[in-house]
2 protein chains.
Amino acid sequence: MTQLLRVQNFTVSSDGIGAREDQSLERPFGPGIDPGKLFEWGWTTASWPNRDDPGGSRGLDDYFTRDWDHNIGAEIMGRNKFGPQRGPWEDHEWQGWWGDEPPFRTPVFVLTHHARPSFTLSDTTFHFVDASPADVLAQAKEAARGKDVRLGGGVSTVREFLDADLVDTLHIVVSPLKFGTGLRLWESPDELRDRFHLEVVPSPSGVTHHLFWRK
Amino acid sequence: MTQLLRVQNFTVSSDGIGAREDQSLERPFGPGIDPGKLFEWGWTTASWPNRDDPGGSRGLDDYFTRDWDHNIGAEIMGRNKFGPQRGPWEDHEWQGWWGDEPPFRTPVFVLTHHARPSFTLSDTTFHFVDASPADVLAQAKEAARGKDVRLGGGVSTVREFLDADLVDTLHIVVSPLKFGTGLRLWESPDELRDRFHLEVVPSPSGVTHHLFWRK
């Protein structure tokens, strides 16, 4: 089977923005963006990763949250999805935003220009790599042992891999929230139509799922 | 985690019919029903079980076909999903409609009043059981080792488990085809609204996905 590079559950505002600059420990998506609202479509489902209470909806949105780790063997993420530090690592003690039980449960490749030793938290091992998109994808595919690789974001990382034409499928959730300014995935999803099929599926929850796959 | 009993990818006509009586080896869904048309929404996707060529769509319908075996540890099916024979087994040589590589890849419990020894084809083992829905579900859950159990159909089997109130989720695909007469799952999906939440999701392919989960 072909190993795909998949973007999953990546959520942006109605104006295409996934986060703001000036991210901090307290505000991982930047000032004025409440991840609880942006991802409400997801964490209210039964299959949201690391959900620790029973219940949750099992409608359309749940098919997407439960697919998030299906046949995934590795993740690639930008440094800003790992933590808010910029520049050389100052604090190796702090091990990222993801807690003692990161939801990934696979090798995770964090893109950074600054070396740092790999470490393992529960079932997740974080590797820190300074490499081109094609090179890190090759490493991630090898680590995934035949399974697909998830491209975890953020916005800049997704755009970098799109520019390198390495992405096979994207599931982008468009929230009805409008942010105005910030890190923008697109002006319009139509920008990707030259290379991808697109299905646009409104959900009863109010978000709109955008499903892209390579032509 | 709770083990669920899930109906997945079960496809009926716009008038709620899944098959006709008088099924035969040549016409597994009965006279006048072409499974190629009824399941066109599914087999044109990339993840249709046992698809043996590359390609296929990766839009909404593909999320459902790829979820078919996700976290499934056993299947329960009615005898008519196994084969067209009725009454006592006459021919143990014939091992069902599913070929040498059945797509299930788990234990499968076939409901029948007529005993027959279990046998294995590739990764699938068929067991033949004469038991109440609750008892066969208990056997299937044990065999599933913590994973969910899929209720594979046909119509009469799904109805029997609904009557016993044992079903947790249902994904029913309503095709635009109209059959008029046959084995009917429902007069209307609204019949299940007293016990289930329902989301109705139209697909670009022309079918409508009906997603039910227990209230």
# chains A, B, ... in the order shown; residues from 1 in each chain; ligands from 1
call {"tool": "residues_around", "arguments": {"residues": "segment 24-31 of chain A", "least_positions_apart": "5", "cutoff": "9 Å", "atoms": "only C-alpha atoms", "output": "MDAnalysis selection string"}}
result
chainID A and resid 18:19 80:81 83:85 97 182
call {"tool": "residues_around", "arguments": {"residues": "Leu183 of chain B", "least_positions_apart": "4", "cutoff": "9 Å", "atoms": "only C-alpha atoms", "output": "JSON list (two decimals) with C-alpha atoms, in the first residue's frame"}}
result
[["chain", "number", "residue", "atom", "x", "y", "z"],
["B", 16, "GLY", "CA", -35.85, 1.45, 2.85],
["B", 17, "ILE", "CA", -35.28, -1.90, 1.15],
["B", 18, "GLY", "CA", -31.97, -3.77, 1.51],
["B", 19, "ALA", "CA", -32.64, -6.91, -0.54],
["B", 20, "ARG", "CA", -35.40, -9.06, -2.01],
["B", 21, "GLU", "CA", -36.51, -12.54, -1.08],
["B", 154, "GLY", "CA", -28.98, -8.40, 6.40],
["B", 155, "VAL", "CA", -32.19, -6.52, 7.03],
["B", 156, "SER", "CA", -33.83, -9.19, 9.20]]
call {"tool": "interface_residues", "arguments": {"of": "chain A", "to": "chain B", "cutoff": "8 Å", "atoms": "only C-alpha atoms", "output": "count of residues only"}}
result
17
call {"tool": "residues_around", "arguments": {"residues": "Ala115 of chain A", "least_positions_apart": "4", "cutoff": "9 Å", "atoms": "only C-alpha atoms", "output": "number ranges by chain"}}
result
A: 88-89, 128-130
call {"tool": "closest_residue", "arguments": {"among": "B:Asp123, B:Asp91, B:Asp34, B:Asp22", "to": "Pro103 of chain B", "atoms": "only C-alpha atoms"}}
result
B:Asp123
call {"tool": "closest_residue", "arguments": {"among": "B:Glu90, B:Asp190, B:Glu101, B:Asp165", "to": "Leu137 of chain B", "atoms": "only C-alpha atoms"}}
result
B:Asp165
call {"tool": "select_by_dssp", "arguments": {"residues": "segment 77-185 of chain A", "states": "strand (DSSP E)", "output": "ChimeraX atom specification"}}
result
/A:77-78,107-111,119-121,124-129,148-153,169-174,183-184
call {"tool": "atom_distance", "arguments": {"atom1": "atom CA of Leu177 of chain B", "atom2": "atom CA of Val149 of chain B"}}
result
28.8 Å
call {"tool": "atom_distance", "arguments": {"atom1": "atom CA of His114 of chain B", "atom2": "atom CA of Arg145 of chain B"}}
result
26.5 Å
call {"tool": "residues_around", "arguments": {"residues": "Gly42 of chain A", "least_positions_apart": "5", "cutoff": "7 Å", "atoms": "only C-alpha atoms", "output": "VMD selection string"}}
result
chain A and resid 48 61 65
call {"tool": "closest_residue", "arguments": {"among": "B:Thr106, B:Gln8, B:Ser122, B:Gln23", "to": "Arg79 of chain B", "atoms": "only C-alpha atoms"}}
result
B:Gln23
call {"tool": "closest_residue", "arguments": {"among": "A:Glu187, A:Asp62, A:Glu93, A:Glu160", "to": "Thr45 of chain A", "atoms": "only C-alpha atoms"}}
result
A:Asp62
call {"tool": "select_by_dssp", "arguments": {"residues": "segment 25-210 of chain B", "states": "helix (DSSP H, G or I)", "output": "ChimeraX atom specification"}}
result
/B:35-38,40-43,60-67,79-82,133-143,155-163,189-192
call {"tool": "closest_residue", "arguments": {"among": "B:Leu151, B:Ile33, B:Leu166, B:Leu111", "to": "Ser13 of chain B", "atoms": "only C-alpha atoms"}}
result
B:Ile33
